[in-house]
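I have placed the structure first, in the form of structure tokens, so that the comments after it can refer back to it.
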Amino acid sequence: MMKRPLILLCFMVFTGCASLVYQAENYPALYGPSEPKQRRLTQEQAMLDRQRNRVSFSRDVKPILDSRCVVCHGCYDAPCQLKLGSIEGIDRGATKRKVYDFARFKAAEPTRLFIDAQDTAGWRQKEFYPILNERRDGKEANLDNSVLAKLIRLKREHPLPTSGKLDQDYDLEFSRDLLCPTVEEFPKYQRQHPQWGMPYAMPGLSPKEEATLLQWLQEGAKAEPLPPLSSESGPTIAKWETYLNGPTFKHKLVSRYLYEHLFIGHLHFQGHPEHEFYRLVRSKTAPGIPIEEIQSVRPYDDPGTVNFYYRLRPQTETIVDKIHFVYELSDRKMQRYDELFFRPNYQVTSLPSYRPEVAANPFKTFIELPLASKYRFLLDDAEYFVSGFIKGPVCRGEIATESIRDQFWVVFSQPGRFYPEKVAKALADNNQILALPGEEGDQIGLMGWTKFDVFGRQYLKKKDRFIDLLLAKDQGFGLENIWDGDGMNRNAALTIFRHFDSATVTQGLIGDTPLTAWVIDYPIFERLHYLLVAGFNVYGTAGHQVASRTYMDLLRQDGEDNFLRFMPGKQRQAIYNSWYQGFKGLRTAEALFSIGHETRINYRGTDYKQEFFDQVRQRLGKAAGFVDSINQCRQEPCDRAGATPLQQEVDRKLRKLTKLQGLELGALPEMSLLRVKTGDPEGDLVYTLLIDKAYSNISKMVSLGSRRLPKNDRITIIPGFVGSYPNFFFSVEKNRLGEFIEQIRTAKTDSNLEQFYSRFGIRRTNPEIWHYSDWFNEQHKKYRGLQAGLLDLSRYENL
């Protein structure tokens with residue numbers, strides 16, 4: 001009889017103690033009500049702050065945030081949607097709402113910084129809460145009300161160990177549930193997770209960095225006005241905005257086409273300062289008036305107004321590599337648009353609708369634009385447009401990347417070579433079956449993919465029959481059907497590397513001859529863009545995401561079927577079978593590669609893929625880029641073009657690493673950066689090590705891990721940088737590269753791996769990791785210039 005009262009008493013005592021432990025301060029009583037503050041200083045206020053020797057946001061604070069915080073907090077996948085690359089993002093704060101949710105049945109409301117709310121008060125209405133003090137000003141209040149200050153101090157109180165792996169107190173799973181405490185919830189967070197100060201699972205800030213940030217917070221967390229754009233930017237913006245807002249139907253249709261293809265990238269004026277980038281947006285306001293961006297989810301959504309204008313909006317956030325891909329505008333580019341879209345003799349009789357069944361289908365919307373002009377526009381900057389499928393603010397690209405191999409090559413069909421008038425007519429006659437899932441937007445159900453699956457399969461069958469009818473018997477495709485890059489355009493041959501849920505596109509045929517390859521034609525190219533860029537909504541429903549994934553399988557098959565048409569007829573099925581071993585998943589793919597038409601390519605041996613690309617390289621000439629002398633060396637010497645004697649020496653040593661295969665590569669993560677120390681820090685070299693994981697097939701949406709073939713894994717070694725998400729840093733003296741490679745080969749046991757990572761790796765616990773992060777980012781800028789952004793450390797492994 002006594003047990004129950006005793007248990008109840010213990011429970012009351014325990015919960016009472018817990019409430020005391022977790023009890024937050026009464027912030028309203030202490031500091032007054034909460035409301036957003038003006039964070040941007042006027043020019044006069046900024047000058048007064050300089051006279052008072054206050055901490056400067058642009059000079060003192062932003063460099064710390066960029067190098068220590070934005071490296072994880074710079075994209076849609078920033079923890080708690082806390083984006084720290086601008087004062088507007090810092091002031092917006094954090095939220096418990098998810099961007100990535102692959103099981104939702106109702107589309108989420110978009111939360112795109114600078115677009116979906118115009119000020120901090122607007123974000124408060126969208127469930128974002130402050131990490132800065134929004135109550136009464138004061139040195140104590142500015143720190144006590146700041147989640148950011150509390151997280152920095154928590155790290156100081158509970159620093160990381162300085163060696164070895166992190167223990168299980170740190171959740172580093174990519175899909176982990178995030179804790180996003182408000183200032184009122186912080187006592188509970190601090191009690192339950194004292195190790196989770198910021199930067200999370202990394203060494204803390206230096207005392208100087210910490211003091212700078214805390215002083216800035218204490219002084220009210222203000223920021224100077226944005227610096228003015230360069231003097232040449234004004235006339236150039238005016239010139240381009242005038243061009244894009246021409247009055248005729250033809251101007252309006254061409255500008256709509258350009259906008260729907262360029263809206264996601266970072267535009268740069270050739271010859272202007274390297275830090276100036278722009279977004280092409282639709283605005284309710286005309287040029288010369290401040291931009292009022294139209295908040296559409298997709299670029300082809302109805303703008304909601306008859307009169308709108310294409311405008312160039314400056315990019316003011318820190319440039320991070322995972323969303324950064326550059327399209328350059330110049331006088332020559334404007335002339336090229338004239339050549340493609342305004343000199344040809346054609347008429348635009350009316351402007352297309354913004355109804356989804358029209359707007360989501362570029363073969364309907366832009367039917368009056370010449371097919372050759374549209375295709376040439378895409379080919380001119382193919383690397384940029386292919387990058388759009390897997391870069392940009394979405395950041396987690398499972399939809400695109402789970403349906404591609406870890407390394408493959410892409411070339412393009414020669415424009416105008418294959419009966420262009422008949423192709424244009426066939427596309428126009430069949431534009432209904434070229435419909436994409438974006439047509440139904442976020443109203444699409446879980447089984448909505450089946451309609452577009454049927455359309456996609458009908459198209460593949462009609463395409464195969466179309467080719468059969470047009471080609472003479474026993475007469476197939478030859479090298480002349482491959483785009484030659486017009487002799488100099490290095491977009492003609494691309495390599496795509498997949499890194500888990502991201503990928504990278506590079507010019508040239510990089511790495512060893514891949515298992516698969518694509519030949520992209522205009523219908524594939526356009527559908528890829530409208531499926532994965534223009535028509536994809538990261539905030540969309542599960543049905544939308546399933547439909548996008550399943551249709552991507554059909555586009556992959558289309559590109560691979562095109563490639564197989566260049567292989568010997570009797571070998572095509574065997575090659576196809578090698579790509580898709582065993583069970584093919586939810587939907588069995590039917591290979592369609594014009595089996596009755598023999599290729600016109602002359603093969604001398606049995607390594608058909610290698611022979612094909614050897615001949616492609618000869619056809620492309622300079623457009624093929626440099627030969628990959630590290631991974632494709634068939635007979636020594638294989639010296640890299642333009643390399644110094646030191647680089648050639650290191651290349652030769654690392655070439656031995658390319659000989660390792662399968663389980664011998666088990667010690668390396670998917671993507672790692674290697675610093676080769678030369679004895680002269682100014683001369684140290686950078687290489688990217690990429691593991692190309694093998695799979696029995698990739699035609700199924702689930703259980704990709706169950707189809708792994710680790711014994712078939714390979715490595716690609718690239719001088720410089722490929723990828724935005726390094727999984728690990730290695731640092732090796734030049735004269736120890738042989739030992740480094742041998743330990744990779746032999747490290748199988750836990751003790752071997754521990755020794756290997758301790759000797760050559762830069763672990764999360766290593767106090768030097770920030771030094772290496774800074775060094776790699778500096779080198780990245782030197783190597784890639786305009787194309788470089790900050791590397792992301794959110795995928796850094798705990799090895």
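Letters A, B, ... mark the chains of the structure tokens in the order given; residue numbers begin at 1 per chain; ligand numbers begin at 1, in order shown.
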Please run DSSP on the backbone and report, as a VMD selection string, all residues within segment 99-189 of chain A that come out as alpha helix (DSSP H).
chain A and resid 120 to 124 139 to 144 147 to 157 186 to 189
If we count only C-alpha atoms, what is near segment 718-722 of chain A at a cut-off of 9 Å, once residues fewer than 2 positions away on the same chain are taken out, given as a ChimeraX atom specification?
/A:497,504-506,510-511,628,630-631,651,671,673,685-690,716,724,779-780,783-784
What's around Arg745 of chain A at 10 Å? Count only C-alpha atoms, leave out sequence neighbours fewer than 2 positions away in its own chain, and write the answer as an mmCIF file with N, CA and C atoms, in the first residue's frame.
data_model
loop_
_atom_site.group_PDB
_atom_site.id
_atom_site.type_symbol
_atom_site.label_atom_id
_atom_site.label_comp_id
_atom_site.auth_asym_id
_atom_site.auth_seq_id
_atom_site.Cartn_x
_atom_site.Cartn_y
_atom_site.Cartn_z
ATOM 1 N N LEU A 657 48.766 5.158 -56.721
ATOM 2 C CA LEU A 657 47.522 5.024 -55.967
ATOM 3 C C LEU A 657 46.370 4.644 -56.886
ATOM 4 N N LEU A 660 45.353 0.921 -57.157
ATOM 5 C CA LEU A 660 44.588 0.220 -56.123
ATOM 6 C C LEU A 660 43.132 0.144 -56.548
ATOM 7 N N GLN A 661 42.487 -0.938 -56.184
ATOM 8 C CA GLN A 661 41.086 -1.133 -56.537
ATOM 9 C C GLN A 661 40.342 -1.830 -55.409
ATOM 10 N N GLY A 662 39.037 -1.725 -55.473
ATOM 11 C CA GLY A 662 38.165 -2.502 -54.594
ATOM 12 C C GLY A 662 38.441 -2.275 -53.126
ATOM 13 N N LEU A 663 38.573 -3.363 -52.367
ATOM 14 C CA LEU A 663 38.722 -3.296 -50.921
ATOM 15 C C LEU A 663 40.023 -2.648 -50.490
ATOM 16 N N GLU A 664 40.978 -2.551 -51.413
ATOM 17 C CA GLU A 664 42.236 -1.862 -51.083
ATOM 18 C C GLU A 664 42.010 -0.375 -50.824
ATOM 19 N N LEU A 665 40.878 0.142 -51.244
ATOM 20 C CA LEU A 665 40.575 1.565 -51.087
ATOM 21 C C LEU A 665 39.658 1.844 -49.896
ATOM 22 N N GLY A 666 39.416 0.820 -49.074
ATOM 23 C CA GLY A 666 38.432 0.939 -47.999
ATOM 24 C C GLY A 666 38.755 1.989 -46.954
ATOM 25 N N ALA A 667 40.012 2.403 -46.839
ATOM 26 C CA ALA A 667 40.379 3.394 -45.824
ATOM 27 C C ALA A 667 40.016 4.811 -46.231
ATOM 28 N N LEU A 668 39.691 5.015 -47.499
ATOM 29 C CA LEU A 668 39.435 6.374 -47.978
ATOM 30 C C LEU A 668 37.940 6.668 -48.017
ATOM 31 N N GLU A 739 54.673 5.727 -48.500
ATOM 32 C CA GLU A 739 54.172 5.163 -47.235
ATOM 33 C C GLU A 739 52.668 5.402 -47.103
ATOM 34 N N PHE A 740 52.230 6.585 -47.484
ATOM 35 C CA PHE A 740 50.801 6.933 -47.451
ATOM 36 C C PHE A 740 49.995 5.951 -48.307
ATOM 37 N N ILE A 741 50.454 5.694 -49.506
ATOM 38 C CA ILE A 741 49.740 4.786 -50.412
ATOM 39 C C ILE A 741 49.759 3.362 -49.878
ATOM 40 N N GLU A 742 50.872 2.933 -49.346
ATOM 41 C CA GLU A 742 50.970 1.566 -48.824
ATOM 42 C C GLU A 742 50.056 1.378 -47.618
ATOM 43 N N GLN A 743 49.950 2.404 -46.779
ATOM 44 C CA GLN A 743 49.058 2.269 -45.622
ATOM 45 C C GLN A 743 47.594 2.262 -46.050
ATOM 46 N N ALA A 747 45.594 -0.934 -44.698
ATOM 47 C CA ALA A 747 44.835 -0.591 -43.491
ATOM 48 C C ALA A 747 43.473 -1.286 -43.521
ATOM 49 N N LYS A 748 43.366 -2.377 -42.814
ATOM 50 C CA LYS A 748 42.121 -3.159 -42.791
ATOM 51 C C LYS A 748 41.529 -3.265 -41.383
#
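Shortest separation to Ile237 of chain A among A:Ile291, A:Ile601, A:Val71, A:Leu312 occurs at residue A:Leu312, atoms counted being only C-alpha atoms.
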Do a neighbour search on segment 257-265 of chain A at 6 Å with only C-alpha atoms, toss out local chain neighbours closer than 4 positions, and write the hits as a list of chain:residue names.
A:Leu280, A:Pro299, A:Phe325
Just checking: using only C-alpha atoms, which residue out of A:Arg549, A:Lys165, A:Lys322, A:Lys284 ends up closest to His73 of chain A?
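Of A:Arg549, A:Lys165, A:Lys322, A:Lys284, the one nearest His73 of chain A, counting only C-alpha atoms, is A:Lys322.
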